[in-house]
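Participant: Attaching a single structure in C-alpha cells format; questions to follow.
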Amino acid sequence: MKRSTKLLSWLKSTKTDVQQETTRTEEEDVCEPSTSANSDASTSRPTTPATVTKKRQKTVRRYDENYIKFGFICSGTEEEPRPQCVLCGDLLSNESMKPSHLTRHLTTKHPALADKPVSFFLRKREGLKQSKSAIQSYGTPTSKAQEASYRASLQIARAGKPHTIGEELCLPLTKEITKIMCGEDAAKKLNFVPLSNDTVSRRITDMANDVKNTLIERVKKSRYFSIQLDETTDVADLAQLLIYVRYENDGAATEDLLFCQPLQTRTTADQIFQVLNEFMQENGLDWKRCVGVCTDGARAMTGRNSGVVARIREVDALDSLQHPS
C-alpha cells in the first residue's frame, strides 16, 4: 500500500514537470517568430547613405630627406608634394614618391651618375634652386613698376613740371629716401620704375586718352546733351577753344570739360565750327542729341546767318536746338 502511494505521488510530480516543460516550450515558440520577424525586417530595411561603405581615400605620400641620395628634392604643393630630379628637372607624380620608383628613374635615365655620393646631389640641388630663383626674378611681372610710373607721371602733370623732372629729380630723390628708411634692397627695386622724359610723356598721353574715351562713352550713352563753348587766349597769346558738355550720367546731370583745342587761324565762326564739328564727327557724337548751346554772346557765336549757333542748327536735323538768351 505504501509503495502504491509513493508510486502515485511520483507519477503526479512527473506529470507536473512535463506540463511545465511543455508550457515553457510553447512560450519560446511564440517569442521566436517575433524575433525572426525583426531579423527579417532589419535585413530587408533599405540601406541608407550612412551605412554605405566609404570610399578609400587617396594616400598622399610625403617627402623624406633621405630621398636626396636618389637625386630628388621636394617640389609641388604642401597638399600634394612631388619629387623633382635635380639632374634633369623632371617632375614626377606623388605616387612615384617611393624609393623603388626614384631609384628606377636614377638608374634608367642617369646610369652614369647612379653611384655618385650624396654631396654631389646636394650641389646639384643648390644649382637647381639658383636657376629657379633666377627664372623667377627675370620673370617678375612689372605691373607694380608700371603703376608707380603712371602715378608719378600723373603728379608731374598736375604740378605742371617738365617731364624731365621724373628722371632727374624724383627718381634719385626717392631712391635716397628709400635707402635710408627701408634699406638698400628696397631702393634697388626702384630701378625698375621707368621715369624718362619720353616715358612720362607717353604716360600722360595715355591717361589723357583714357579720360577722353571714358567721357565720350558717357556722352554717347546719354539721351541728350548740351555744350558750352568759349574762345580765350593763353599765356603765349594763342587762341584756344574751350568746350564744356553737360550730359546725363546715372540719372544725374554732369558737367565736364569736353576738349580744348587751339585755333590755328582767326577766331571766326567758320573756324570755330570747323574745329567743333570735326571733333564731333571723329568721336561719333550725334548732333541730333545736342539740345542746347551756351556762348558768351559774341557776334561770331550768335550771328543770325553765319554764327556758330546758326551753323549748328544747319546740321541739327531735328531742329531741337535751343540757345539761351
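Labels for the C-alpha cells follow display order: chains A, B, ..., residues from 1 in each chain, ligands from 1.
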From the DSSP assignment of the backbone, select every residue of range 227-293 of chain A that is helix (DSSP H, G or I), and format the answer as a PyMOL selection string.
Facilitator: chain A and resi 269-282+287-289
Participant: Output C-alpha atoms for every residue in the selection just made, as a short mmCIF file (atom, residue, chain, number, x, y, z; two decimals), in the first residue's frame.
Facilitator:
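As a result, result_16.cif now contains:
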```
data_model
loop_
_atom_site.label_atom_id
_atom_site.label_comp_id
_atom_site.auth_asym_id
_atom_site.auth_seq_id
_atom_site.Cartn_x
_atom_site.Cartn_y
_atom_site.Cartn_z
CA ALA A 269 32.62 131.44 -86.72
CA ASP A 270 33.69 129.19 -89.59
CA GLN A 271 36.94 128.26 -87.88
CA ILE A 272 35.27 127.62 -84.50
CA PHE A 273 32.51 125.49 -86.05
CA GLN A 274 35.03 123.55 -88.14
CA VAL A 275 37.07 122.58 -85.07
CA LEU A 276 33.90 121.70 -83.14
CA ASN A 277 32.30 119.71 -85.95
CA GLU A 278 35.48 117.74 -86.68
CA PHE A 279 35.69 116.68 -83.04
CA MET A 280 32.05 115.58 -83.02
CA GLN A 281 32.47 113.52 -86.19
CA GLU A 282 35.78 111.94 -85.20
CA TRP A 287 24.37 116.40 -83.28
CA LYS A 288 20.72 115.33 -83.03
CA ARG A 289 21.14 114.73 -79.31
#
```
Participant: Quick one: residues within 10 Å of Val309 in chain A, only C-alpha atoms counted, chain neighbours fewer than 3 positions away excluded, as a list of chain:residue names?
Facilitator: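 Listed by chain and then number, they are A:Ala269, A:Phe273, A:Gly292, A:Val293, A:Cys294, A:Thr295, A:Ala300, A:Met301, A:Thr302, A:Gly303, A:Arg304, A:Asn305, A:Ser306, A:Ile312, A:Arg313, A:Glu314, A:Leu321, A:Gln322, A:His323.
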Participant: Provide the CA of Glu184 in chain A to CA of Val200 in chain A distance in Å, to one decimal place.
Facilitator: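 Those two atoms sit 25.5 Å apart.
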Participant: CA of Pro111 in chain A and CA of Lys98 in chain A, how far apart in Å?
Facilitator: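 These atoms are spaced 18.4 Å apart.
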Participant: Hey, what's within 8 Å of Ser93 in chain A if we count only C-alpha atoms and toss same-chain stuff fewer than 2 positions away? As an mmCIF file with N, CA, C and O atoms, in the first residue's frame, please?
Facilitator:
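Result file is selection-v8.cif:
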```cif
data_model
loop_
_atom_site.group_PDB
_atom_site.id
_atom_site.type_symbol
_atom_site.label_atom_id
_atom_site.label_comp_id
_atom_site.auth_asym_id
_atom_site.auth_seq_id
_atom_site.Cartn_x
_atom_site.Cartn_y
_atom_site.Cartn_z
ATOM 1 N N ARG A 82 55.576 66.628 -54.734
ATOM 2 C CA ARG A 82 56.004 65.820 -55.877
ATOM 3 C C ARG A 82 57.523 65.806 -55.936
ATOM 4 O O ARG A 82 58.169 66.831 -55.693
ATOM 5 N N PRO A 83 58.112 64.672 -56.261
ATOM 6 C CA PRO A 83 59.576 64.601 -56.351
ATOM 7 C C PRO A 83 60.070 65.182 -57.666
ATOM 8 O O PRO A 83 59.475 64.971 -58.727
ATOM 9 N N LEU A 91 59.661 66.350 -63.165
ATOM 10 C CA LEU A 91 58.764 66.408 -62.006
ATOM 11 C C LEU A 91 57.837 65.206 -62.073
ATOM 12 O O LEU A 91 57.007 65.096 -62.972
ATOM 13 N N GLU A 95 52.501 59.657 -56.606
ATOM 14 C CA GLU A 95 52.551 58.201 -56.469
ATOM 15 C C GLU A 95 53.964 57.657 -56.634
ATOM 16 O O GLU A 95 54.258 56.551 -56.186
ATOM 17 N N SER A 96 54.829 58.428 -57.294
ATOM 18 C CA SER A 96 56.216 57.990 -57.504
ATOM 19 C C SER A 96 57.124 58.325 -56.334
ATOM 20 O O SER A 96 58.338 58.125 -56.417
ATOM 21 N N MET A 97 56.549 58.821 -55.250
ATOM 22 C CA MET A 97 57.345 59.166 -54.077
ATOM 23 C C MET A 97 57.674 57.885 -53.298
ATOM 24 O O MET A 97 57.279 57.691 -52.140
#
```
Participant: Env of range 56-70 of chain A: 7 Å cut, atoms = only C-alpha atoms, seq-sep filter 6 positions within chain, self excluded. Answer as an NGL selection string.
Facilitator: :A and (80-81 or 94-95 or 97 or 102-103 or 106 or 118 or 121)
Participant: Using C-alpha atoms, can you export the residues from the last selection as a PDB file, in the first residue's frame?
Facilitator:
```
ATOM      1  CA  GLU A  80      50.466  67.155 -52.797  1.00  0.00           C
ATOM      2  CA  PRO A  81      54.271  67.151 -52.766  1.00  0.00           C
ATOM      3  CA  ASN A  94      53.065  61.930 -55.936  1.00  0.00           C
ATOM      4  CA  GLU A  95      52.551  58.201 -56.469  1.00  0.00           C
ATOM      5  CA  MET A  97      57.345  59.166 -54.077  1.00  0.00           C
ATOM      6  CA  LEU A 102      63.121  57.062 -57.577  1.00  0.00           C
ATOM      7  CA  THR A 103      65.912  54.510 -57.882  1.00  0.00           C
ATOM      8  CA  LEU A 106      68.067  57.370 -61.493  1.00  0.00           C
ATOM      9  CA  VAL A 118      75.132  62.470 -51.577  1.00  0.00           C
ATOM     10  CA  PHE A 121      73.319  65.607 -55.422  1.00  0.00           C
TER      11      PHE A 121
END
```
Participant: Apply DSSP to the structure's backbone, then extract all residues of range 68-171 of chain A labelled strand (DSSP E or B) and return them as a list in words.
Facilitator: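 Listing strand (DSSP E or B) positions across range 68-171 of chain A yields Phe72, Ile73, Cys74, Ser75, Gly76, Pro81, Arg82, Pro83, Gln84, Cys85 and Leu91 of chain A.
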Participant: Just the residues within 12 Å of Thr214 in chain A, please, counting only C-alpha atoms, with nothing from its chain fewer than 6 positions along; format it as a PyMOL selection string.
Facilitator: chain A and resi 207-208+220-221+249+256+258+283
Participant: Return the single residue from A:Glu167, A:Glu126, A:Asp90, A:Asp296 that is closest to Asn191 in chain A, with distances computed using only C-alpha atoms.
Facilitator: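 Nearest candidate to Asn191 in chain A out of A:Glu167, A:Glu126, A:Asp90, A:Asp296: A:Glu167.
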